[in-house]
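Coordinates as given in model_38.cif (mmCIF, C-alpha atoms and all ligand atoms):
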```
data_work
loop_
_atom_site.label_atom_id
_atom_site.label_comp_id
_atom_site.auth_asym_id
_atom_site.auth_seq_id
_atom_site.Cartn_x
_atom_site.Cartn_y
_atom_site.Cartn_z
CA MET A 1 -9.51 105.21 152.52
CA SER A 2 -11.83 102.30 151.96
CA ALA A 3 -10.99 98.73 152.95
CA THR A 4 -10.16 95.86 150.61
CA ILE A 5 -13.26 93.69 150.36
CA ILE A 6 -12.36 90.05 150.92
CA ASP A 7 -14.49 88.18 148.39
CA GLY A 8 -15.57 85.03 150.23
CA LYS A 9 -17.86 84.01 147.41
CA ALA A 10 -15.02 83.95 144.86
CA PHE A 11 -12.61 82.33 147.33
CA ALA A 12 -15.20 79.64 148.11
CA ALA A 13 -15.66 78.92 144.39
CA LYS A 14 -11.89 78.41 144.11
CA VAL A 15 -11.88 76.04 147.11
CA ARG A 16 -14.80 74.08 145.63
CA GLY A 17 -12.83 73.82 142.38
CA GLN A 18 -9.89 72.29 144.25
CA VAL A 19 -12.28 69.93 146.04
CA ALA A 20 -13.79 68.88 142.69
CA GLU A 21 -10.29 68.08 141.33
CA HIS A 22 -9.60 65.84 144.31
CA VAL A 23 -12.93 64.13 144.00
CA ALA A 24 -12.23 63.44 140.32
CA ARG A 25 -8.85 61.95 141.24
CA LEU A 26 -10.37 59.78 143.98
CA LYS A 27 -12.92 58.47 141.51
CA GLY A 28 -10.52 57.99 138.59
CA ASP A 29 -7.54 56.53 140.44
CA HIS A 30 -9.25 54.68 143.27
CA GLY A 31 -12.91 54.22 142.32
CA ILE A 32 -13.98 56.05 145.49
CA THR A 33 -16.73 58.68 145.60
CA PRO A 34 -16.80 60.75 148.81
CA GLY A 35 -20.22 60.93 150.45
CA LEU A 36 -21.69 63.54 152.79
CA ALA A 37 -24.77 62.86 154.92
CA VAL A 38 -26.69 65.83 156.31
CA VAL A 39 -29.26 65.27 159.05
CA LEU A 40 -31.95 67.87 159.64
CA VAL A 41 -34.40 67.52 162.51
CA GLY A 42 -37.47 69.74 162.27
CA GLU A 43 -38.78 72.12 159.66
CA ASP A 44 -37.00 75.41 160.36
CA PRO A 45 -37.27 77.16 156.94
CA ALA A 46 -33.83 78.83 157.20
CA SER A 47 -32.20 75.46 157.95
CA GLN A 48 -34.03 73.83 155.05
CA VAL A 49 -32.68 76.42 152.61
CA TYR A 50 -29.18 75.97 153.99
CA VAL A 51 -29.35 72.16 153.81
CA ARG A 52 -30.61 72.32 150.23
CA SER A 53 -27.75 74.57 149.11
CA LYS A 54 -25.22 72.28 150.81
CA GLY A 55 -26.72 69.28 149.01
CA LYS A 56 -26.57 71.07 145.67
CA MET A 57 -22.91 72.06 146.08
CA THR A 58 -22.00 68.57 147.29
CA VAL A 59 -23.32 67.14 144.03
CA GLU A 60 -21.67 69.92 141.98
CA VAL A 61 -18.19 68.90 143.19
CA GLY A 62 -18.93 65.29 142.28
CA MET A 63 -19.65 63.85 145.71
CA ASN A 64 -22.65 61.84 146.86
CA SER A 65 -25.13 63.76 148.99
CA TYR A 66 -27.47 62.01 151.43
CA GLU A 67 -30.16 64.11 153.09
CA HIS A 68 -32.05 62.81 156.10
CA LYS A 69 -35.00 64.93 157.13
CA LEU A 70 -36.58 63.92 160.40
CA SER A 71 -39.70 65.36 161.99
CA ALA A 72 -39.35 67.85 164.86
CA ASP A 73 -40.65 65.29 167.39
CA THR A 74 -38.08 62.59 166.49
CA SER A 75 -36.93 60.72 169.59
CA GLU A 76 -33.31 60.75 170.73
CA ASP A 77 -33.17 56.97 170.24
CA ASP A 78 -34.28 57.25 166.62
CA LEU A 79 -31.74 59.99 165.91
CA LEU A 80 -28.94 58.04 167.59
CA SER A 81 -29.84 54.95 165.62
CA LEU A 82 -29.69 56.89 162.33
CA ILE A 83 -26.26 58.24 163.30
CA ASN A 84 -25.13 54.72 164.15
CA GLN A 85 -26.27 53.54 160.72
CA LEU A 86 -24.36 56.41 159.02
CA ASN A 87 -21.27 55.69 161.15
CA ASN A 88 -21.29 52.13 159.78
CA ASP A 89 -22.03 53.06 156.16
CA PRO A 90 -18.77 52.85 154.13
CA GLY A 91 -20.24 55.16 151.46
CA VAL A 92 -20.66 57.96 154.01
CA HIS A 93 -17.40 59.79 154.78
CA GLY A 94 -18.87 62.88 156.42
CA ILE A 95 -21.84 63.36 158.76
CA LEU A 96 -23.33 66.74 159.65
CA VAL A 97 -26.22 67.12 162.09
CA GLN A 98 -27.72 70.57 161.54
CA LEU A 99 -27.78 72.66 164.73
CA PRO A 100 -29.56 73.81 166.79
CA LEU A 101 -31.56 70.66 167.54
CA PRO A 102 -35.08 70.76 169.00
CA LYS A 103 -34.99 71.28 172.78
CA HIS A 104 -35.87 67.69 173.76
CA LEU A 105 -32.68 66.35 172.16
CA ASN A 106 -29.34 66.40 173.99
CA GLU A 107 -27.00 68.13 171.55
CA ASP A 108 -23.76 67.04 173.23
CA LEU A 109 -24.89 63.42 173.35
CA VAL A 110 -25.94 63.46 169.70
CA ILE A 111 -22.75 65.12 168.43
CA ASN A 112 -20.52 62.83 170.46
CA SER A 113 -22.25 59.78 168.97
CA ILE A 114 -20.88 60.68 165.52
CA ASP A 115 -17.75 58.75 164.52
CA PRO A 116 -15.01 61.41 165.06
CA ALA A 117 -13.44 60.41 161.73
CA LYS A 118 -16.72 61.35 159.98
CA ASP A 119 -17.36 64.46 162.08
CA VAL A 120 -16.90 67.01 159.28
CA ASP A 121 -18.22 69.80 161.55
CA GLY A 122 -15.35 69.14 163.98
CA PHE A 123 -17.72 69.38 166.96
CA HIS A 124 -17.01 65.95 168.54
CA ILE A 125 -15.07 66.16 171.83
CA SER A 126 -12.23 64.12 170.27
CA ASN A 127 -11.78 66.64 167.49
CA VAL A 128 -12.07 69.56 169.91
CA GLY A 129 -9.33 67.96 172.03
CA LEU A 130 -7.12 67.23 169.02
CA LEU A 131 -7.43 70.82 167.79
CA GLY A 132 -6.74 72.19 171.30
CA THR A 133 -3.54 70.14 171.56
CA GLY A 134 -2.34 70.93 168.04
CA GLN A 135 -2.93 67.44 166.66
CA LYS A 136 -4.50 66.44 163.37
CA ALA A 137 -8.25 66.97 163.73
CA MET A 138 -11.40 67.66 161.77
CA VAL A 139 -11.56 71.46 162.03
CA PRO A 140 -14.91 73.32 162.30
CA CYS A 141 -15.89 74.71 158.90
CA THR A 142 -16.66 78.33 159.74
CA PRO A 143 -13.41 79.02 161.65
CA LEU A 144 -11.45 77.10 159.00
CA GLY A 145 -12.95 79.29 156.28
CA CYS A 146 -12.06 82.43 158.25
CA LEU A 147 -8.49 81.19 158.73
CA MET A 148 -8.10 80.47 155.01
CA MET A 149 -9.18 84.03 154.12
CA LEU A 150 -6.87 85.54 156.77
CA ARG A 151 -3.86 83.49 155.60
CA ASP A 152 -4.60 84.37 152.00
CA HIS A 153 -4.76 88.08 152.79
CA HIS A 154 -1.81 88.31 155.21
CA GLY A 155 0.48 85.41 154.43
CA SER A 156 1.73 84.94 158.00
CA LEU A 157 -0.45 85.87 161.01
CA SER A 158 2.43 85.46 163.44
CA GLY A 159 2.48 88.01 166.26
CA MET A 160 -0.73 89.77 165.26
CA ASN A 161 -3.24 90.80 167.93
CA ALA A 162 -6.51 88.97 167.25
CA VAL A 163 -9.79 89.58 169.05
CA VAL A 164 -12.57 87.02 168.66
CA ILE A 165 -15.95 88.33 169.80
CA GLY A 166 -18.04 85.32 170.84
CA ARG A 167 -17.11 82.12 172.68
CA SER A 168 -19.43 79.51 171.21
CA ASN A 169 -18.21 75.96 170.69
CA ILE A 170 -19.00 76.14 166.98
CA VAL A 171 -17.33 79.46 166.10
CA GLY A 172 -15.61 81.55 168.78
CA LYS A 173 -13.60 78.92 170.67
CA PRO A 174 -12.29 76.95 167.67
CA MET A 175 -11.52 80.25 165.88
CA ALA A 176 -9.39 81.31 168.84
CA GLN A 177 -7.56 77.93 168.78
CA LEU A 178 -6.76 78.29 165.09
CA LEU A 179 -5.48 81.85 165.50
CA LEU A 180 -3.34 80.74 168.42
CA GLY A 181 -2.06 77.89 166.25
CA ASP A 182 -0.95 80.54 163.74
CA SER A 183 0.86 82.40 166.54
CA CYS A 184 -1.54 85.30 167.01
CA THR A 185 -1.93 86.87 170.45
CA VAL A 186 -5.57 85.99 171.02
CA THR A 187 -8.25 87.64 173.13
CA ILE A 188 -11.70 86.04 173.38
CA ALA A 189 -14.42 88.58 174.18
CA HIS A 190 -18.02 87.81 175.18
CA SER A 191 -21.08 89.32 176.80
CA ARG A 192 -19.27 89.89 180.13
CA THR A 193 -16.20 91.54 178.60
CA LYS A 194 -15.47 94.95 180.12
CA ASP A 195 -15.05 97.85 177.71
CA LEU A 196 -15.41 95.82 174.53
CA PRO A 197 -14.74 98.87 172.29
CA ALA A 198 -11.31 99.31 173.88
CA VAL A 199 -10.54 95.60 173.53
CA VAL A 200 -11.50 95.64 169.85
CA ARG A 201 -9.47 98.81 169.21
CA GLY A 202 -6.32 96.89 170.11
CA ALA A 203 -6.90 94.24 167.42
CA ASP A 204 -5.08 93.79 164.13
CA ILE A 205 -7.63 91.05 163.38
CA VAL A 206 -11.27 91.19 164.54
CA VAL A 207 -13.51 88.15 164.16
CA ALA A 208 -17.11 88.99 165.06
CA ALA A 209 -19.30 85.96 165.89
CA VAL A 210 -21.97 87.36 168.17
CA GLY A 211 -25.35 87.07 166.47
CA ARG A 212 -26.24 90.75 166.97
CA PRO A 213 -26.96 92.68 163.78
CA GLN A 214 -24.40 95.42 163.04
CA MET A 215 -23.19 95.54 166.64
CA VAL A 216 -19.56 96.45 165.89
CA PRO A 217 -19.27 100.02 164.54
CA GLY A 218 -16.39 101.44 162.56
CA ASP A 219 -15.16 103.54 165.46
CA TRP A 220 -14.23 100.37 167.39
CA ILE A 221 -11.94 99.28 164.58
CA LYS A 222 -8.22 100.11 164.60
CA PRO A 223 -7.37 101.80 161.29
CA GLY A 224 -6.06 99.19 158.85
CA ALA A 225 -7.28 96.18 160.84
CA THR A 226 -8.72 93.09 159.14
CA VAL A 227 -12.37 92.44 160.00
CA ILE A 228 -13.96 89.01 159.55
CA ASP A 229 -17.73 89.17 159.98
CA VAL A 230 -19.21 85.76 160.82
CA GLY A 231 -22.67 87.04 161.76
CA ILE A 232 -25.69 86.05 159.67
CA ASN A 233 -28.67 88.12 160.78
CA ARG A 234 -31.89 88.70 158.93
CA ILE A 235 -33.33 92.17 159.53
CA ASP A 236 -36.32 94.08 158.18
CA ALA A 237 -35.62 96.01 154.98
CA PRO A 238 -38.59 98.33 154.44
CA GLU A 239 -36.53 100.16 151.79
CA LYS A 240 -36.85 97.02 149.63
CA GLY A 241 -40.61 96.97 150.09
CA GLU A 242 -43.10 96.04 152.75
CA GLY A 243 -42.33 92.81 154.62
CA LYS A 244 -38.92 92.43 152.90
CA THR A 245 -35.80 91.43 154.79
CA ARG A 246 -32.05 91.42 154.16
CA LEU A 247 -28.98 89.73 155.61
CA VAL A 248 -26.48 91.71 157.67
CA GLY A 249 -23.47 90.71 159.71
CA ASP A 250 -22.42 91.46 163.29
CA VAL A 251 -20.34 94.38 161.98
CA ASP A 252 -21.75 97.69 160.78
CA PHE A 253 -20.26 97.33 157.32
CA ASP A 254 -20.82 100.89 156.09
CA SER A 255 -18.84 102.48 158.92
CA ALA A 256 -16.28 99.67 159.33
CA VAL A 257 -15.32 99.67 155.64
CA GLN A 258 -14.13 103.28 156.05
CA VAL A 259 -11.61 102.34 158.74
CA ALA A 260 -10.58 98.72 158.22
CA GLY A 261 -7.74 97.59 155.97
CA ALA A 262 -9.78 94.59 154.80
CA ILE A 263 -13.27 93.32 155.56
CA THR A 264 -15.56 90.42 154.64
CA PRO A 265 -19.07 91.33 153.46
CA VAL A 266 -22.36 89.67 154.47
CA PRO A 267 -23.62 87.97 152.41
CA GLY A 268 -20.72 86.77 150.28
CA GLY A 269 -18.05 86.47 152.97
CA VAL A 270 -17.75 83.78 155.62
CA GLY A 271 -21.00 81.95 154.70
CA PRO A 272 -19.92 80.55 151.32
CA MET A 273 -16.51 79.64 152.80
CA THR A 274 -18.26 77.59 155.49
CA ILE A 275 -19.93 75.40 152.88
CA ALA A 276 -16.73 75.11 150.82
CA CYS A 277 -14.85 73.98 153.93
CA LEU A 278 -17.54 71.43 154.70
CA LEU A 279 -16.90 69.89 151.28
CA ALA A 280 -13.13 70.13 151.82
CA ASN A 281 -13.48 68.36 155.19
CA THR A 282 -15.51 65.60 153.56
CA VAL A 283 -12.73 64.95 151.02
CA THR A 284 -10.15 65.05 153.81
CA ALA A 285 -12.20 62.54 155.84
CA CYS A 286 -12.54 60.29 152.78
CA CYS A 287 -8.79 60.35 152.12
CA ARG A 288 -7.97 59.58 155.76
CA ALA A 289 -10.51 56.74 155.83
CA ASN A 290 -8.82 55.18 152.81
CA GLY A 291 -5.21 55.81 153.86
CA LEU A 292 -4.66 58.18 150.93
CA ALA A 293 -2.75 61.47 150.72
CA GLU A 294 -4.85 64.42 151.87
CA PRO A 295 -5.60 67.45 149.74
CA GLU A 296 -3.03 70.18 150.34
CA GLY A 297 -4.09 73.67 151.40
CA LEU A 298 -7.58 72.57 152.38
CA THR A 299 -6.82 71.65 155.98
CA ALA A 300 -5.57 73.72 158.91
N1 LIG B 401 -21.32 82.34 158.37
C1 LIG B 401 -21.48 81.13 158.88
O1 LIG B 401 -21.17 80.16 158.24
C2 LIG B 401 -21.99 80.98 160.25
C3 LIG B 401 -22.55 82.06 160.87
N2 LIG B 401 -23.00 81.99 162.15
C4 LIG B 401 -23.49 83.24 162.73
O2 LIG B 401 -22.51 83.73 163.63
C5 LIG B 401 -23.10 84.37 164.74
C6 LIG B 401 -22.65 83.72 166.02
O3 LIG B 401 -23.03 82.37 166.03
P1 LIG B 401 -22.78 81.41 167.31
O4 LIG B 401 -21.37 81.44 167.70
O5 LIG B 401 -23.43 80.13 166.98
O6 LIG B 401 -23.67 82.21 168.39
P2 LIG B 401 -23.93 81.95 169.94
O7 LIG B 401 -25.23 82.61 170.24
O8 LIG B 401 -23.72 80.53 170.29
O9 LIG B 401 -22.76 82.78 170.64
C7 LIG B 401 -22.73 84.17 170.62
C8 LIG B 401 -21.58 84.69 171.43
O10 LIG B 401 -21.61 86.11 171.40
C9 LIG B 401 -21.49 86.62 172.71
N3 LIG B 401 -22.24 87.86 172.87
C10 LIG B 401 -23.58 88.03 172.86
N4 LIG B 401 -23.90 89.32 173.04
C11 LIG B 401 -22.74 89.98 173.19
C12 LIG B 401 -22.40 91.34 173.42
N5 LIG B 401 -23.33 92.27 173.54
N6 LIG B 401 -21.10 91.65 173.50
C13 LIG B 401 -20.14 90.73 173.37
N7 LIG B 401 -20.40 89.42 173.15
C14 LIG B 401 -21.68 89.06 173.07
C15 LIG B 401 -22.04 85.55 173.61
O11 LIG B 401 -21.46 85.72 174.91
P3 LIG B 401 -21.82 84.78 176.16
O12 LIG B 401 -21.10 83.50 175.91
O13 LIG B 401 -21.26 85.54 177.31
O14 LIG B 401 -23.30 84.64 176.17
C16 LIG B 401 -21.61 84.28 172.90
O15 LIG B 401 -20.34 83.86 173.32
C17 LIG B 401 -24.61 84.30 164.46
O16 LIG B 401 -25.00 85.47 163.76
C18 LIG B 401 -24.74 83.09 163.54
O17 LIG B 401 -25.88 83.17 162.71
C19 LIG B 401 -22.87 80.83 162.86
C20 LIG B 401 -22.34 79.71 162.30
C21 LIG B 401 -21.89 79.68 160.93
N1 LIG B 402 -24.01 71.42 162.24
C1 LIG B 402 -24.03 72.66 161.75
N2 LIG B 402 -22.96 73.11 161.07
C2 LIG B 402 -22.96 74.37 160.55
O1 LIG B 402 -21.96 74.79 159.92
C3 LIG B 402 -24.12 75.20 160.74
C4 LIG B 402 -25.20 74.66 161.45
N3 LIG B 402 -25.12 73.40 161.96
N4 LIG B 402 -26.30 75.41 161.69
C5 LIG B 402 -26.45 76.74 161.09
C6 LIG B 402 -25.14 77.43 160.90
C7 LIG B 402 -25.21 78.56 159.92
N5 LIG B 402 -24.37 78.18 158.81
C8 LIG B 402 -24.27 78.89 157.60
C9 LIG B 402 -23.54 78.44 156.53
C10 LIG B 402 -23.53 79.10 155.32
C11 LIG B 402 -24.23 80.26 155.15
C12 LIG B 402 -24.21 80.96 153.84
O2 LIG B 402 -23.79 80.40 152.83
N6 LIG B 402 -24.66 82.23 153.76
C13 LIG B 402 -24.72 83.02 152.53
C14 LIG B 402 -26.08 83.66 152.34
C15 LIG B 402 -27.20 82.66 152.24
C16 LIG B 402 -28.55 83.38 152.15
O3 LIG B 402 -28.69 84.23 151.28
O4 LIG B 402 -29.42 83.06 152.98
C17 LIG B 402 -23.72 84.17 152.63
O5 LIG B 402 -23.36 84.55 153.76
O6 LIG B 402 -23.34 84.70 151.59
C18 LIG B 402 -24.94 80.75 156.21
C19 LIG B 402 -24.96 80.08 157.43
C20 LIG B 402 -23.81 76.98 159.06
N7 LIG B 402 -24.20 76.48 160.24
#
```
Could you render the structure as structure tokens?
Amino acid sequence: MSATIIDGKAFAAKVRGQVAEHVARLKGDHGITPGLAVVLVGEDPASQVYVRSKGKMTVEVGMNSYEHKLSADTSEDDLLSLINQLNNDPGVHGILVQLPLPKHLNEDLVINSIDPAKDVDGFHISNVGLLGTGQKAMVPCTPLGCLMMLRDHHGSLSGMNAVVIGRSNIVGKPMAQLLLGDSCTVTIAHSRTKDLPAVVRGADIVVAAVGRPQMVPGDWIKPGATVIDVGINRIDAPEKGEGKTRLVGDVDFDSAVQVAGAITPVPGGVGPMTIACLLANTVTACCRANGLAEPEGLTA
């Protein structure tokens, strides 16, 4: 038996279509165009590619895209002053500061200087607190995208055993909060977890967000379980030619697909959903800022 492949790319296209409809309505009925500002500090090539594709999709759904590229040696004061300017700009409804930041910048300080209402990443302490207490928040894009795919596949997640591997503030912890919010029994595993294979074998839902290429093999997966692979790892691919690389997840897809009930591929799984949710969060932020009804089905 081979697992159902959850097509994140197709799902993301559907979500972007819904976002585009809302944007059209905001423009037509209210004369408002949502705007997303993305701030990139430094010249990391992978980040540049990612920021460019976000900008392109932002424009495709009809929103305004503002890209701010700062040099790697930008001072904290200069970055904070840009964020302050974006906080006060009525045409900017969402602000994303690409992470990680260069070492000399205090990430917590920078993120917490973003207006929580414009924090479309959901990383500000106010949004983290709102999510943790079950209140209306901006929800981090990657976990939100994972939740949407899980709800779509299962309907209700109530009572399911979920194991999240990874406890980062941007993926693991908010993912666990969302699963708990949907009444899963949630285990958060990390590098100190004892007997990780046994922990994973108990899971009806496995979310892998570790950053280790193909770490989770099929024989850790309970037959029929749903596997969400968040990992984005670039590895050498000599089979494609000398010096070539390819993207793989944190799950060993070839063995896991034999055992799982459903699985997300890499690429084409969680990644495209992350960007779609970023656009969805920007529309949500725009609606809230203007006291308008929020898009349905695009929030947690
Ligand atoms: N698809 C997408 O849109 C996105 C993908 N990603 C990808 O997701 C992955 C995780 O990202 P992120 O959360 O930022 O990563 P972090 O490096 O911040 O966190 C990794 C987590 O994995 C845990 N871990 C590391 N090694 C092991 C191990 N051997 N066994 C069990 N747990 C382990 C760490 O544990 P400990 O805390 O104990 O150190 C940590 O909690 C990366 O591949 C990243 O590229 C990230 C964001 C978005
Ligand atoms: N403030 C902030 N917010 C983020 O959400 C954030 C960030 N910083 N820093 C980096 C990580 C990583 N991330 C990805 C999003 C989409 C894909 C994606 O679309 N991936 C495609 C493949 C793209 C390719 O081919 O390279 C896929 O999986 O199919 C990947 C990675 C968001 N992140």
Measuring between all atoms listed in the file, which one of A:Asn106, A:Asn281, A:Thr274, A:Gln214 shows the shortest distance to A:Val251? A:Gln214
Taking all atoms listed in the file into account, list the residues no farther than 6 Å from ligand LIG 402 (chain B), as a ChimeraX atom specification. /A:96-99,121,266-272,274-275
Selected residues written out, C-alpha atoms, as a compact mmCIF listing (two decimals), in the frame of the given file:
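part00.txt was written with the following content:
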```txt
# COMPACT_ATOMS: atom_id res chain seq x y z
CA LEU A 96 -23.33 66.74 159.65
CA VAL A 97 -26.22 67.12 162.09
CA GLN A 98 -27.72 70.57 161.54
CA LEU A 99 -27.78 72.66 164.73
CA ASP A 121 -18.22 69.80 161.55
CA VAL A 266 -22.36 89.67 154.47
CA PRO A 267 -23.62 87.97 152.41
CA GLY A 268 -20.72 86.77 150.28
CA GLY A 269 -18.05 86.47 152.97
CA VAL A 270 -17.75 83.78 155.62
CA GLY A 271 -21.00 81.95 154.70
CA PRO A 272 -19.92 80.55 151.32
CA THR A 274 -18.26 77.59 155.49
CA ILE A 275 -19.93 75.40 152.88
```
Distance filter 6 Å around ligand LIG 401 (chain B), atoms: all atoms listed in the file, out as a list in words: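 Sorted by chain and then by number, the residues are Thr142, Ile165, Gly166, Arg167, Ser168, Ile170, Val171, Gly172, His190, Ser191, Arg192, Ala209, Val210, Gly211, Val230, Gly231, Ile232, Asn233, Val270, Gly271 and Thr274 of chain A.
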Within 12 Å of stretch 73-89 of chain A, counting all atoms listed in the file, which residues show up once you throw out same-chain ones fewer than 2 positions away? Write them as an MDAnalysis selection string, please. chainID A and resid 34:43 66:71 91:97 101:119
A:Ala12 environment, 12 Å, all atoms listed in the file, sequence neighbours closer than 5 positions dropped, as a ChimeraX atom specification: /A:6-7,17-19,57,141-142,144-146,148-149,268-280,298
Dump as a compact mmCIF listing (two decimals), in the coordinates of the input, selection limited to C-alpha atoms:
```
# COMPACT_ATOMS: atom_id res chain seq x y z
CA ILE A 6 -12.36 90.05 150.92
CA ASP A 7 -14.49 88.18 148.39
CA GLY A 17 -12.83 73.82 142.38
CA GLN A 18 -9.89 72.29 144.25
CA VAL A 19 -12.28 69.93 146.04
CA MET A 57 -22.91 72.06 146.08
CA CYS A 141 -15.89 74.71 158.90
CA THR A 142 -16.66 78.33 159.74
CA LEU A 144 -11.45 77.10 159.00
CA GLY A 145 -12.95 79.29 156.28
CA CYS A 146 -12.06 82.43 158.25
CA MET A 148 -8.10 80.47 155.01
CA MET A 149 -9.18 84.03 154.12
CA GLY A 268 -20.72 86.77 150.28
CA GLY A 269 -18.05 86.47 152.97
CA VAL A 270 -17.75 83.78 155.62
CA GLY A 271 -21.00 81.95 154.70
CA PRO A 272 -19.92 80.55 151.32
CA MET A 273 -16.51 79.64 152.80
CA THR A 274 -18.26 77.59 155.49
CA ILE A 275 -19.93 75.40 152.88
CA ALA A 276 -16.73 75.11 150.82
CA CYS A 277 -14.85 73.98 153.93
CA LEU A 278 -17.54 71.43 154.70
CA LEU A 279 -16.90 69.89 151.28
CA ALA A 280 -13.13 70.13 151.82
CA LEU A 298 -7.58 72.57 152.38
```
Enter the distance from atom CA of A:Val216 to atom CA of A:Ala256, in Å, rounded to one decimal. 8.0 Å
Between atom CA of A:Ile221 and atom CA of A:Val206, what is the distance, to one decimal in Å? 8.1 Å
My list of candidates is A:Ser53, A:Gly62, A:Lys222, A:Val163. Which is closest to A:Leu26 when distances are computed with only C-alpha atoms?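 When distances to A:Leu26 are compared using only C-alpha atoms, the smallest one comes from A:Gly62.
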Any idea what the distance is between atom CA of A:Leu178 and atom CA of A:Val139?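 Value for the atom CA of A:Leu178-atom CA of A:Val139 distance: 8.9 Å.
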At a cut-off of 6 Å from (-10.8, 86.9, 170.6) in the coordinates of the file, what residues are picked up using all atoms listed in the file, written as an NGL selection string? :A and (162-165 or 186-189)
How close does each residue of stretch 247-281 of chain A get to stretch 234-240 of chain A, giving the shortest atom pair and distance in Å to one decimal for every residue with an atom at most 9 Å away, counting all atoms listed in the file, sorted by chain and residue number, as a tab-separated table?
```
residue	atom	partner	partner_atom	distance
A:Leu247	CA	A:Arg234	CA	4.5
A:Val248	CA	A:Arg234	CA	6.3
A:Gly249	CA	A:Arg234	CA	8.7
```
Neighbours of A:Asp254 within 12 Å (only C-alpha atoms; same-chain residues fewer than 6 positions away dropped), as a count of residues only? 14
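Comparing the minimum interatomic distances between A:Gly129 and each of A:Pro174, A:Gly181, A:Gly224, A:Pro213, counting all atoms listed in the file, we find that A:Pro174 sits nearest.
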Nearest to A:Glu294, restricted to all atoms listed in the file and choosing among A:Lys136, A:Arg246, A:Pro45, A:Lys56, comes out as A:Lys136
Pick from A:Val128, A:Val61, A:Ala225, A:Ala72 nearest to A:Gln258, counting all atoms listed in the file: A:Ala225
